[in-house]
Each structure stands twice: as structure tokens, then as C-alpha cells.
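Engineer: Below is data00.cif; it holds mmCIF, C-alpha atoms.
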data_structure
loop_
_atom_site.label_atom_id
_atom_site.label_comp_id
_atom_site.auth_asym_id
_atom_site.auth_seq_id
_atom_site.Cartn_x
_atom_site.Cartn_y
_atom_site.Cartn_z
CA MET I 1 20.67 49.17 -8.67
CA ARG I 2 23.04 48.73 -11.58
CA LEU I 3 25.19 46.36 -9.52
CA ILE I 4 22.14 44.26 -8.59
CA ALA I 5 21.06 44.09 -12.23
CA VAL I 6 24.52 42.99 -13.32
CA ARG I 7 24.51 40.26 -10.69
CA HIS I 8 21.14 38.99 -11.92
CA ILE I 9 22.41 38.97 -15.50
CA ASP I 10 25.55 37.08 -14.49
CA ALA I 11 23.50 34.54 -12.58
CA ALA I 12 21.25 34.04 -15.60
CA LYS I 13 24.29 33.53 -17.83
CA ARG I 14 25.63 30.87 -15.48
CA ARG I 15 22.33 29.01 -15.72
CA LEU I 16 22.15 29.21 -19.51
CA PRO I 17 24.47 26.27 -20.30
CA ARG I 18 22.60 24.00 -17.93
CA THR I 19 19.24 25.10 -19.33
CA ALA I 20 20.42 24.64 -22.92
CA ALA I 21 21.76 21.19 -22.11
CA ALA I 22 18.50 20.27 -20.44
CA LEU I 23 16.54 21.34 -23.49
CA ALA I 24 18.92 19.50 -25.80
CA CYS I 25 18.61 16.37 -23.70
CA ALA I 26 14.88 16.79 -23.14
CA GLY I 27 13.47 13.34 -23.69
CA ALA I 28 11.03 14.90 -26.15
CA LEU I 29 13.07 13.23 -28.88
CA ALA I 30 11.67 9.97 -27.61
CA PHE I 31 8.11 11.22 -27.37
CA SER I 32 7.22 10.03 -30.87
CA GLY I 33 6.60 13.51 -32.21
CA VAL I 34 3.59 14.18 -30.01
CA PRO I 35 3.33 17.95 -29.52
CA PHE I 36 3.48 19.23 -25.96
CA ASP I 37 1.30 22.30 -25.80
CA GLY I 38 0.53 22.18 -22.07
CA SER I 39 -2.90 20.69 -22.63
CA PRO I 40 -4.22 17.97 -20.31
CA ALA I 41 -3.89 15.49 -23.15
CA SER I 42 -0.24 16.37 -23.61
CA ARG I 43 0.48 16.10 -19.90
CA ALA I 44 -1.40 12.83 -19.67
CA PHE I 45 0.64 11.42 -22.55
CA ALA I 46 3.91 12.41 -20.91
CA GLU I 47 2.86 11.09 -17.54
CA ASP I 48 1.65 7.89 -19.17
CA ILE I 49 5.16 7.29 -20.41
CA ASP I 50 7.04 8.36 -23.41
CA THR I 51 6.72 5.63 -26.02
CA ALA I 52 3.65 4.50 -27.95
CA PRO I 53 3.36 1.03 -26.37
CA VAL I 54 2.95 1.85 -22.68
CA ALA I 55 5.14 -1.07 -21.62
CA ASP I 56 6.62 -4.14 -23.25
CA GLU I 57 5.61 -7.61 -22.15
CA PHE I 58 8.43 -7.98 -19.61
CA GLN I 59 7.79 -4.54 -18.07
CA GLN I 60 4.10 -5.36 -17.87
CA ARG I 61 5.05 -8.45 -15.89
CA VAL I 62 7.16 -6.38 -13.51
CA GLU I 63 4.35 -3.89 -12.95
CA GLN I 64 1.68 -6.58 -12.67
CA THR I 65 3.67 -8.46 -10.03
CA SER I 66 3.94 -5.22 -8.08
CA ALA I 67 0.19 -4.66 -8.30
CA ASP I 68 -0.53 -8.28 -7.33
CA TYR I 69 1.80 -8.10 -4.35
CA LEU I 70 0.41 -4.81 -3.08
CA ALA I 71 -3.17 -6.06 -3.52
CA ALA I 72 -2.35 -9.30 -1.69
CA THR I 73 -0.69 -7.53 1.21
CA GLU I 74 -3.57 -5.06 1.50
CA HIS I 75 -6.04 -7.95 1.52
CA LEU I 76 -4.03 -9.65 4.24
CA SER I 77 -3.87 -6.41 6.23
CA SER I 78 -7.64 -5.99 5.92
CA ILE I 79 -8.23 -9.52 7.24
CA GLU I 80 -5.78 -8.95 10.08
CA ARG I 81 -7.60 -5.74 11.05
CA SER I 82 -10.90 -7.65 11.11
CA ILE I 83 -9.31 -10.37 13.22
CA GLU I 84 -8.11 -7.80 15.74
CA GLU I 85 -11.56 -6.20 15.86
CA ASN I 86 -13.19 -9.58 16.49
CA ARG I 87 -10.64 -10.48 19.13
CA ALA I 88 -11.37 -7.21 20.90
CA GLN I 89 -15.10 -7.91 20.64
CA ILE I 90 -14.62 -11.39 22.12
CA GLU I 91 -12.60 -9.94 25.00
CA ARG I 92 -15.35 -7.39 25.72
CA LEU I 93 -18.05 -10.07 25.65
CA GLU I 94 -16.07 -12.45 27.83
CA ALA I 95 -15.39 -9.66 30.31
CA ALA I 96 -19.08 -8.67 30.42
CA LEU I 97 -20.53 -12.20 30.58
CA PRO I 98 -19.96 -12.93 34.31
CA ALA I 99 -21.85 -9.84 35.41
CA GLN I 100 -24.62 -10.51 32.93
CA GLN I 101 -24.76 -14.14 34.04
CA ALA I 102 -25.25 -12.97 37.64
CA ARG I 103 -28.01 -10.55 36.63
CA SER I 104 -29.66 -13.30 34.58
CA ASN I 105 -29.52 -15.68 37.54
CA ASP I 106 -31.13 -13.07 39.77
CA ALA I 107 -33.80 -12.44 37.15
CA ALA I 108 -34.57 -16.14 36.81
CA THR I 109 -34.84 -16.45 40.58
CA ALA I 110 -37.20 -13.48 40.72
CA LEU I 111 -39.37 -14.91 37.98
CA TYR I 112 -39.49 -18.26 39.75
CA LYS I 113 -40.58 -16.58 42.95
CA MET I 114 -43.25 -14.64 41.08
CA GLN I 115 -44.60 -17.85 39.62
CA SER I 116 -44.42 -19.65 42.98
CA ASP I 117 -46.16 -16.80 44.77
CA SER I 118 -48.87 -16.26 42.17
CA ALA I 119 -51.55 -16.24 44.87
CA SER I 120 -49.98 -13.18 46.48
CA ILE I 121 -49.90 -11.45 43.11
CA VAL I 122 -53.60 -12.16 42.55
CA THR I 123 -54.34 -10.88 46.05
CA LEU I 124 -52.39 -7.70 45.31
CA LEU I 125 -54.47 -7.11 42.21
CA LEU I 126 -57.79 -7.91 43.86
CA ASN I 127 -57.10 -5.59 46.77
CA ALA I 128 -56.77 -2.61 44.49
CA ARG I 129 -58.80 0.36 45.73
CA ASP I 130 -60.04 1.22 42.28
CA PHE I 131 -59.44 0.49 38.62
CA SER I 132 -56.52 2.93 38.35
CA ASP I 133 -54.86 1.30 41.33
CA PHE I 134 -55.45 -2.09 39.71
CA MET I 135 -53.78 -0.96 36.46
CA ARG I 136 -50.78 0.48 38.31
CA ASN I 137 -50.27 -2.79 40.20
CA LEU I 138 -50.62 -4.79 36.99
CA GLU I 139 -48.14 -2.54 35.16
CA TYR I 140 -45.65 -2.85 38.03
CA ILE I 141 -45.88 -6.62 38.06
CA GLY I 142 -45.51 -6.69 34.25
CA SER I 143 -42.48 -4.38 34.27
CA VAL I 144 -40.74 -6.49 36.91
CA ALA I 145 -41.35 -9.60 34.84
CA ASP I 146 -40.25 -7.88 31.60
CA ARG I 147 -37.06 -6.59 33.22
CA ASN I 148 -36.16 -10.04 34.45
CA VAL I 149 -36.93 -11.63 31.09
CA ALA I 150 -34.84 -8.94 29.35
CA GLU I 151 -31.84 -9.76 31.55
CA ILE I 152 -32.15 -13.44 30.67
CA ASN I 153 -32.56 -12.62 26.94
CA GLU I 154 -29.51 -10.32 27.05
CA LEU I 155 -27.41 -13.15 28.41
CA GLN I 156 -28.57 -15.44 25.61
CA SER I 157 -27.89 -12.72 23.04
CA MET I 158 -24.37 -12.13 24.34
CA LYS I 159 -23.60 -15.84 24.27
CA ALA I 160 -24.93 -16.13 20.72
CA GLN I 161 -22.87 -13.10 19.65
CA LEU I 162 -19.79 -14.62 21.24
CA ASP I 163 -20.35 -17.90 19.38
CA ARG I 164 -20.82 -16.06 16.05
CA THR I 165 -17.73 -13.92 16.60
CA GLU I 166 -15.58 -16.91 17.49
CA ALA I 167 -16.81 -18.76 14.39
CA GLU I 168 -16.12 -15.70 12.23
CA LEU I 169 -12.67 -15.38 13.76
CA GLU I 170 -11.86 -18.96 12.88
CA THR I 171 -13.00 -18.35 9.28
CA GLN I 172 -10.83 -15.26 9.15
CA ARG I 173 -7.83 -17.19 10.45
CA VAL I 174 -8.17 -19.59 7.53
CA ALA I 175 -8.59 -16.68 5.10
CA ALA I 176 -5.56 -14.95 6.59
CA GLU I 177 -3.42 -18.03 6.08
CA ARG I 178 -4.54 -18.20 2.46
CA ALA I 179 -3.98 -14.46 1.96
CA ALA I 180 -0.52 -14.71 3.52
CA ALA I 181 0.35 -17.52 1.12
CA ASP I 182 -0.95 -15.42 -1.80
CA ALA I 183 1.09 -12.44 -0.66
CA GLN I 184 4.24 -14.55 -0.32
CA SER I 185 3.68 -16.04 -3.77
CA ALA I 186 3.14 -12.58 -5.27
CA LEU I 187 6.26 -11.30 -3.52
CA GLU I 188 8.38 -14.15 -4.87
CA GLU I 189 7.05 -13.49 -8.37
CA ALA I 190 7.80 -9.77 -8.01
CA GLN I 191 11.30 -10.49 -6.73
CA ALA I 192 11.99 -12.91 -9.57
CA ALA I 193 10.82 -10.41 -12.18
CA ARG I 194 12.99 -7.63 -10.76
CA GLU I 195 16.04 -9.84 -10.39
CA GLU I 196 15.63 -10.94 -13.99
CA ALA I 197 15.37 -7.30 -15.11
CA GLN I 198 18.48 -6.53 -13.07
CA ARG I 199 20.42 -9.40 -14.66
CA ILE I 200 19.39 -8.48 -18.20
CA ALA I 201 20.23 -4.83 -17.61
CA ARG I 202 23.65 -5.64 -16.19
CA GLU I 203 24.54 -7.86 -19.16
CA LYS I 204 23.20 -5.28 -21.60
CA ALA I 205 25.08 -2.41 -19.96
CA GLU I 206 28.36 -4.34 -19.98
CA ARG I 207 27.91 -5.30 -23.63
CA GLU I 208 26.94 -1.79 -24.72
CA ALA I 209 29.76 -0.16 -22.76
CA ALA I 210 32.29 -2.48 -24.37
CA GLU I 211 30.83 -1.84 -27.83
CA ALA I 212 30.80 1.91 -27.29
CA GLN I 213 34.39 1.92 -26.09
CA ALA I 214 35.47 -0.21 -29.05
CA ALA I 215 33.63 2.09 -31.47
CA ALA I 216 35.24 5.16 -29.92
CA GLU I 217 38.69 3.63 -30.16
CA GLU I 218 38.09 2.65 -33.78
CA ALA I 219 36.90 6.17 -34.59
CA ALA I 220 39.98 7.59 -32.93
CA ARG I 221 42.21 5.23 -34.90
CA ILE I 222 40.62 6.22 -38.19
CA ALA I 223 40.86 9.92 -37.28
CA ALA I 224 44.55 9.50 -36.47
CA GLU I 225 45.23 7.74 -39.77
CA GLU I 226 43.40 10.43 -41.72
CA ALA I 227 45.27 13.16 -39.87
CA ALA I 228 48.59 11.48 -40.60
CA LYS I 229 47.68 11.04 -44.26
CA SER I 230 46.65 14.69 -44.55
CA GLU I 231 49.87 15.88 -42.99
CA ALA I 232 51.89 13.67 -45.32
CA GLU I 233 50.09 15.05 -48.36
CA ASN I 234 50.58 18.63 -47.22
CA ALA I 235 54.27 18.00 -46.62
CA GLY I 236 54.77 16.73 -50.18
CA ALA I 237 57.66 14.35 -50.51
CA ALA I 238 58.89 15.18 -47.06
CA GLU I 239 58.59 12.52 -44.45
CA ALA I 240 55.34 12.87 -42.60
CA PRO I 241 55.79 13.59 -38.92
CA GLU I 242 54.42 11.14 -36.43
CA SER I 243 50.81 12.00 -35.83
CA PRO I 244 49.73 12.64 -32.27
CA LYS I 245 47.87 9.81 -30.65
CA THR I 246 44.17 10.42 -30.37
CA THR I 247 42.38 8.90 -27.44
CA ALA I 248 38.79 7.80 -27.58
CA SER I 249 36.12 9.47 -25.51
CA PRO I 250 36.08 7.38 -22.33
CA ILE I 251 32.97 5.43 -21.47
CA ALA I 252 32.54 4.68 -17.80
CA ALA I 253 32.35 1.05 -16.83
CA PRO I 254 28.87 -0.19 -15.92
CA LEU I 255 27.89 0.88 -12.43
CA ALA I 256 28.11 -1.72 -9.68
CA ASP I 257 24.54 -2.69 -8.86
CA ASP I 258 24.01 -3.27 -5.15
CA VAL I 259 20.22 -3.14 -5.37
CA ASP I 260 18.88 -6.13 -3.45
CA TRP I 261 15.50 -7.23 -4.75
CA ASP I 262 15.37 -10.14 -2.31
CA ALA I 263 13.15 -8.08 -0.01
CA ASP I 264 9.54 -7.07 0.28
CA ALA I 265 8.31 -3.62 -0.69
CA GLN I 266 8.56 -2.08 2.78
CA GLN I 267 12.04 -3.46 3.39
CA PHE I 268 13.13 -2.09 0.02
CA ILE I 269 11.68 1.35 0.82
CA ASP I 270 13.22 1.34 4.31
CA THR I 271 16.61 0.61 2.75
CA TRP I 272 16.59 3.10 -0.10
CA ALA I 273 14.55 6.05 1.16
CA PRO I 274 17.24 7.14 3.67
CA ARG I 275 20.03 6.75 1.10
CA ILE I 276 18.19 8.90 -1.44
CA ASP I 277 17.21 11.42 1.24
CA ALA I 278 20.88 11.79 2.18
CA TYR I 279 21.74 12.36 -1.49
CA LEU I 280 19.00 14.97 -1.95
CA ALA I 281 19.63 16.79 1.33
CA GLY I 282 19.68 20.56 0.94
CA SER I 283 18.08 20.48 -2.51
CA PRO I 284 14.50 21.43 -3.53
CA MET I 285 13.78 17.68 -3.68
CA ALA I 286 14.91 17.04 -0.11
CA GLY I 287 12.74 14.49 1.68
CA GLN I 288 11.54 12.73 -1.48
CA GLY I 289 13.52 9.55 -0.84
CA GLU I 290 10.42 7.55 0.03
CA ALA I 291 8.63 8.66 -3.14
CA TYR I 292 11.63 7.61 -5.23
CA ALA I 293 11.94 4.26 -3.43
CA LYS I 294 8.21 3.49 -3.77
CA ALA I 295 8.23 4.31 -7.47
CA ALA I 296 11.38 2.23 -8.03
CA TRP I 297 9.74 -0.77 -6.37
CA THR I 298 6.50 -0.30 -8.28
CA TYR I 299 8.19 -0.13 -11.68
CA GLY I 300 11.16 -2.37 -10.92
CA ILE I 301 14.11 -0.10 -11.74
CA ASP I 302 17.34 0.89 -10.03
CA PRO I 303 16.23 3.43 -7.37
CA ARG I 304 19.31 5.59 -8.08
CA PHE I 305 18.52 6.14 -11.77
CA SER I 306 15.95 8.93 -11.58
CA PRO I 307 17.54 10.91 -8.70
CA ALA I 308 20.88 10.87 -10.54
CA ILE I 309 19.30 12.26 -13.70
CA SER I 310 17.75 15.07 -11.67
CA ALA I 311 21.23 16.02 -10.46
CA VAL I 312 22.63 16.12 -14.00
CA GLU I 313 19.68 17.93 -15.56
CA SER I 314 18.60 20.41 -12.89
CA SER I 315 20.92 20.24 -9.87
CA LYS I 316 18.31 18.10 -8.06
CA GLY I 317 15.38 20.34 -8.89
CA ALA I 318 17.09 23.71 -8.48
CA TYR I 319 16.67 24.72 -12.15
CA CYS I 320 13.48 23.19 -13.55
CA PHE I 321 12.41 24.49 -16.94
CA LYS I 322 8.87 23.24 -16.20
CA PRO I 323 7.17 22.96 -12.80
CA HIS I 324 8.48 19.90 -10.92
CA ASN I 325 10.27 18.66 -14.04
CA ALA I 326 13.74 18.09 -12.63
CA TRP I 327 14.88 15.75 -15.38
CA GLY I 328 14.78 17.85 -18.58
CA TRP I 329 12.17 15.36 -19.75
CA GLY I 330 9.83 16.33 -22.58
CA SER I 331 7.87 19.51 -21.97
CA VAL I 332 5.67 18.18 -19.23
CA SER I 333 4.99 19.63 -15.80
CA TRP I 334 3.48 18.20 -12.64
CA GLY I 335 1.68 19.55 -9.62
CA SER I 336 3.85 17.87 -6.99
CA TRP I 337 7.19 16.16 -6.58
CA GLU I 338 5.50 12.87 -5.75
CA ASP I 339 3.50 12.85 -8.99
CA ALA I 340 6.55 13.98 -10.93
CA ILE I 341 8.79 11.28 -9.47
CA ASN I 342 6.25 8.56 -10.12
CA GLY I 343 5.77 9.76 -13.71
CA HIS I 344 9.47 9.99 -14.45
CA VAL I 345 10.34 6.63 -12.90
CA ALA I 346 7.53 5.00 -14.86
CA GLY I 347 8.85 6.64 -18.02
CA LEU I 348 12.37 5.37 -17.39
CA ALA I 349 11.12 1.83 -16.80
CA ARG I 350 8.98 1.74 -19.92
CA GLY I 351 11.10 3.78 -22.29
CA TYR I 352 14.75 3.59 -21.21
CA GLY I 353 15.27 0.44 -19.18
CA TYR I 354 16.21 -0.74 -15.74
CA THR I 355 19.27 1.47 -15.32
CA VAL I 356 21.64 3.82 -17.13
CA SER I 357 23.15 2.34 -20.29
CA PRO I 358 24.67 3.68 -23.53
CA SER I 359 21.44 2.96 -25.42
CA ALA I 360 19.38 4.80 -22.78
CA ALA I 361 21.82 7.72 -22.92
CA LYS I 362 21.60 7.88 -26.72
CA LYS I 363 17.83 8.08 -26.44
CA TYR I 364 17.66 10.47 -23.49
CA CYS I 365 20.43 12.88 -24.53
CA PRO I 366 21.52 12.26 -28.14
CA PRO I 367 23.76 15.35 -28.58
CA THR I 368 26.26 14.44 -25.84
CA TRP I 369 25.25 10.97 -24.80
CA GLN I 370 28.72 9.84 -23.69
CA ASP I 371 29.08 12.77 -21.30
CA TRP I 372 25.51 12.30 -20.05
CA TYR I 373 26.08 8.58 -19.50
CA ASN I 374 29.25 9.19 -17.52
CA LYS I 375 27.72 11.94 -15.40
CA VAL I 376 24.60 9.94 -14.56
CA SER I 377 26.71 6.87 -13.73
CA TYR I 378 28.86 8.97 -11.41
CA GLN I 379 25.87 10.51 -9.66
CA MET I 380 24.34 7.08 -9.17
CA SER I 381 27.56 5.92 -7.53
CA LEU I 382 27.10 8.68 -4.91
CA ILE I 383 23.74 7.35 -3.70
#
Would you mind writing the file's structure down as C-alpha cells?
Structural biologist:
Amino acid sequence: MRLIAVRHIDAAKRRLPRTAAALACAGALAFSGVPFDGSPASRAFAEDIDTAPVADEFQQRVEQTSADYLAATEHLSSIERSIEENRAQIERLEAALPAQQARSNDAATALYKMQSDSASIVTLLLNARDFSDFMRNLEYIGSVADRNVAEINELQSMKAQLDRTEAELETQRVAAERAAADAQSALEEAQAAREEAQRIAREKAEREAAEAQAAAEEAARIAAEEAAKSEAENAGAAEAPESPKTTASPIAAPLADDVDWDADAQQFIDTWAPRIDAYLAGSPMAGQGEAYAKAAWTYGIDPRFSPAISAVESSKGAYCFKPHNAWGWGSVSWGSWEDAINGHVAGLARGYGYTVSPSAAKKYCPPTWQDWYNKVSYQMSLI
């Protein structure tokens, strides 16, 4: 028992650094001081993204183009389903018409004969043995006539239904062409917005990385000069020894961005879901590649950004300090991975940008932002 307890304690100690880092990097610093007490309001605020304005004008454009595209494609799909239903209805009617035409022809012939042989019908009625017999004969003659008329009417009804369905189908074809054009226009707008976000992010990341590296080198230079000066003062008149060279904390170069936004939503998901699934294999988040890819398309960010943060903050969901919070983000929890992924990706898009950058790292994990930036960049390169 003692050995088991010791093992549990050792395991807890090994998790402590990761947990402490997650808490230190918890994006709560960016949550504008809103307290997270576990209430629905707190959770809603965290899920609704972490900064006061829900999204800036450009991010609103990205999200609106996504909504427009998805609405247009759903409208087109709805029309296409109706077209298929009407085509099937036309096929059924056309298949049934010959038999109904034959029955209608027979009915018309029978009615003609009844009219032509009206004298025989009158004789049949007059020869009735009694009133009951008369009524039975009359009812029989009426039912035969009604049945024949019904067959003729059914043929006319089927033909009218066929005409209406064909006219409706033609209207739907026109609507489908218009809906397809709307969907294509919405897709092009969505692609343009995402490509613009990608370009801006790449330029920003390169600029910030260069500035951060320059600042680190300058800080190292100043520290070296101060160290040399201090040693010289301590040595008195003696010649100050050469101070050791101090190297700046390295900042990883901006990650190569191979995200191709020149695709529709399904093509994008089909490309990225398997890549993210392969990255998450064996972790508690295994199988969530599609959720990540869908959220990345919806909010227009690098699909590797959020999964990489989960690896740095919680070993891909293995050590969550709140239910389904694999990113050390605020104090919020979710009821499912899908909701959590969607909430976190939305938060990244609206509060941190398209992809990892020094400014995003400084906001997400101020205490050790350089290390966090480098680790997230490396994890993204694995996806």
C-alpha cells in the first residue's frame, strides 16, 4: 500500500509543473478581469470569446462569409433534394400512365356502350321483380358508370400532376442555377477573406519575430556590457577580464504556412481532418480532427493552431484542469470536445489572431511567452 501511495505522489509531482504552467498561461489574463465562478454567465462569456468586442471588423467578415457560404450551399442542397424528389415523382407517373391510359380507354368504351345500349338498360330496370330488385339494378348500373368515370378522371389527374411537377422542376432548375451561383460567389468571398487573413498574419508574424529577436539580442548586449562593467569595478584597477558572450533567447522563425484556402469547406475538412487525427492519435482527443477542421474553416484560422496549443498545455487533453479544457484557457469548462474545440478556435480567431505569433504568445502566456511560442510553433510543424 505504501508503495502504491508513493507512486501516486510521484505521479502527481510530475504533473505539477505542467499544471502550474497551464495556470500561469491560462488565457484568463486576456479575459478582461471577468470573474470565472463556474456560473452559466461565466461559461457563456468564455465560450463567446475572450475579449470585450466579440470580433473586429475583419474577423466579422471572415465569419460572415463562412455563414453566407454554408447557408448558400444548404439552400442549394435543399433545392437539389426537391429536384430529385420531383424527378422520382415524374418517373413514377410516367411509368404508371400507360396502364392508367389503358384502363381509361376501357372505361370510355364501356361508357359508350352503356349510352349506345340505353334501351337494354331501361329494359333491365323495367323487368325488375320488385322495388328492391329495381334499386339493386339501378345501383349496379350506377356503380359501373362511376367506376368507369373514376378511371377516366384518374388519368386526367395523373396527367395534370405530371404537368405541374414538370413545371415545378423547371422552376427549381432555374432556382438551382441561381443558388449555385450564390454559393460560388459566397465561396470566393470566403476564400478571399481567409487568404487575406493568412497574408496579414504571415507578414505580422515575420515582423514580430524579427523584432523579438532584435530585442532579445539588444537585451543580451546590454546585459553583457553591464556584466563587464561590474567585473571591472570589482577588480579595481586591474584589467577587466573579457566577459562571456551572452546569447539571446532564440525565437523560432515563423512557421511555414501550407494551409490552402483555395478550396471549399468540405475539401478543406477532408484535407485537414485526417492530418489532425493522425497528430491526436492515442490521446484523449483522438478522432476530433473533423471538429478542429470545421471550426478552423468557420473562423478562418490555421487549423494547426488550436491542436498544437492543446499539446503544449495538456498533452492533447491528458491533463485538463477543467473538463474538456485542453488549452489552459481561462477557467471555463465544456460538456464535450466538439463544443470545447469550437469555443477555443473561436477565441483564438477573435482574441489572438490567425496563427501563432509573438504578440499572441505574450497575450496567451505572458510569463514565458518565448518558450510557449517556440513550443507551439514546433507542435504545429508536426501536424
Engineer: Within 12 Å of (18.5, 2.4, 0.5) (file coordinates; all atoms listed in the file), which protein or nucleic acid residues are there? I'd like them as a ChimeraX atom specification.
Structural biologist: /I:258-261,263,265-279,289-290,292-294,296-297,302-304,382-383
Engineer: So what do you get for atom CA of I:Leu70 versus atom CA of I:Ala183, distance-wise?
Structural biologist: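 Separating atom CA of I:Leu70 from atom CA of I:Ala183 is a distance of 8.0 Å.
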Engineer: So that I can check the surroundings of I:Gln379, please list as a list in words every protein, DNA and RNA residue that reaches within 8 Å of it, counting all atoms listed in the file and ignoring chain neighbours fewer than 4 positions away.
Structural biologist: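 Listing them by chain and then by number gives Ala308, Ile309, Ala311, Val312, Lys375 and Ile383 of chain I.
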Engineer: Draw an axis-aligned box tight on the listed atoms of stretch 358-375 of chain I, then pad every side by 6 Å and write out centre and edge lengths in Å to one decimal as lines of an AutoDock Vina configuration file.
Structural biologist:
center_x = 23.5
center_y = 9.2
center_z = -22.0
size_x = 23.6
size_y = 24.4
size_z = 25.2
Engineer: When you draw a straight line from atom CA of I:Gly343 to atom CA of I:Ala295, how long is it in Å?
Structural biologist: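 Atom CA of I:Ala295 lies 8.6 Å from atom CA of I:Gly343.
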Engineer: For each of I:Ala150, I:Trp372, I:Asp68, I:Ser333, take the minimum atom-to-atom distance to I:Pro250, counting only C-alpha atoms, then give the residue where this is smallest.
Structural biologist: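 Among the listed residues, I:Trp372 lies closest to I:Pro250.
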Engineer: Which residues are near I:Gln156? Cut-off 12 Å, only C-alpha atoms, ignore same chain within fewer than 2 positions. Put them as an mmCIF file with C-alpha atoms, keeping the file's coordinate frame.
Structural biologist:
data_model
loop_
_atom_site.group_PDB
_atom_site.id
_atom_site.type_symbol
_atom_site.label_atom_id
_atom_site.label_comp_id
_atom_site.auth_asym_id
_atom_site.auth_seq_id
_atom_site.Cartn_x
_atom_site.Cartn_y
_atom_site.Cartn_z
ATOM 1 C CA LEU I 93 -18.050 -10.070 25.650
ATOM 2 C CA LEU I 97 -20.530 -12.200 30.580
ATOM 3 C CA GLN I 100 -24.620 -10.510 32.930
ATOM 4 C CA GLN I 101 -24.760 -14.140 34.040
ATOM 5 C CA SER I 104 -29.660 -13.300 34.580
ATOM 6 C CA ASN I 105 -29.520 -15.680 37.540
ATOM 7 C CA VAL I 149 -36.930 -11.630 31.090
ATOM 8 C CA ALA I 150 -34.840 -8.940 29.350
ATOM 9 C CA GLU I 151 -31.840 -9.760 31.550
ATOM 10 C CA ILE I 152 -32.150 -13.440 30.670
ATOM 11 C CA ASN I 153 -32.560 -12.620 26.940
ATOM 12 C CA GLU I 154 -29.510 -10.320 27.050
ATOM 13 C CA MET I 158 -24.370 -12.130 24.340
ATOM 14 C CA LYS I 159 -23.600 -15.840 24.270
ATOM 15 C CA ALA I 160 -24.930 -16.130 20.720
ATOM 16 C CA GLN I 161 -22.870 -13.100 19.650
ATOM 17 C CA LEU I 162 -19.790 -14.620 21.240
ATOM 18 C CA ASP I 163 -20.350 -17.900 19.380
#
Engineer: So which residues get picked by the PyMOL selection byres ((chain I and resi 75) around 10) here, written as a list in words?
Structural biologist: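 Evaluating the PyMOL selection byres ((chain I and resi 75) around 10) on this file yields Tyr69, Leu70, Ala71, Ala72, Thr73, Glu74, Leu76, Ser77, Ser78, Ile79, Glu80, Arg81, Ala175, Ala176, Ala179, Ala180, Asp182 and Ala183 of chain I.
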Engineer: How far is it from atom CA of I:Ala210 to atom CA of I:Ser306, in Å with one decimal?
Structural biologist: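 Atom-to-atom, atom CA of I:Ala210 to atom CA of I:Ser306, that is 23.7 Å.
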Engineer: Could you spell out the hits of the PyMOL selection byres ((chain I and resi 317) around 7) on the shown file, as a list of chain:residue names?
Structural biologist: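 Taken over the shown coordinates, the PyMOL selection byres ((chain I and resi 317) around 7) returns I:Ser283, I:Pro284, I:Met285, I:Ser310, I:Ser314, I:Ser315, I:Lys316, I:Ala318, I:Tyr319, I:Cys320, I:Ala326.
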Engineer: Please identify all polymer residues within 9 Å of I:Gly300, counting all atoms listed in the file, omitting same-chain residues fewer than 5 positions from it, and present them as an mmCIF file with C-alpha atoms, in the coordinates of the input.
Structural biologist:
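Contents of around-v9.cif, as written:
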data_model
loop_
_atom_site.group_PDB
_atom_site.id
_atom_site.type_symbol
_atom_site.label_atom_id
_atom_site.label_comp_id
_atom_site.auth_asym_id
_atom_site.auth_seq_id
_atom_site.Cartn_x
_atom_site.Cartn_y
_atom_site.Cartn_z
ATOM 1 C CA GLN I 59 7.790 -4.540 -18.070
ATOM 2 C CA VAL I 62 7.160 -6.380 -13.510
ATOM 3 C CA GLU I 63 4.350 -3.890 -12.950
ATOM 4 C CA SER I 66 3.940 -5.220 -8.080
ATOM 5 C CA ALA I 190 7.800 -9.770 -8.010
ATOM 6 C CA ALA I 193 10.820 -10.410 -12.180
ATOM 7 C CA ARG I 194 12.990 -7.630 -10.760
ATOM 8 C CA GLU I 195 16.040 -9.840 -10.390
ATOM 9 C CA ALA I 197 15.370 -7.300 -15.110
ATOM 10 C CA GLN I 198 18.480 -6.530 -13.070
ATOM 11 C CA TRP I 261 15.500 -7.230 -4.750
ATOM 12 C CA ALA I 295 8.230 4.310 -7.470
ATOM 13 C CA ALA I 349 11.120 1.830 -16.800
ATOM 14 C CA TYR I 354 16.210 -0.740 -15.740
#
Engineer: Calculated over only C-alpha atoms, which of the candidates I:Glu338, I:Asp56, I:Asp264, I:Glu91 has the smallest distance to I:Ala186?
Structural biologist: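 Checking each candidate against I:Ala186, we get I:Asp264 as the closest.
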Engineer: So which one's closest to I:His344, I:Ile222, I:Pro358, I:Phe305, I:Trp369? Using only C-alpha atoms, please.
Structural biologist: I:Phe305
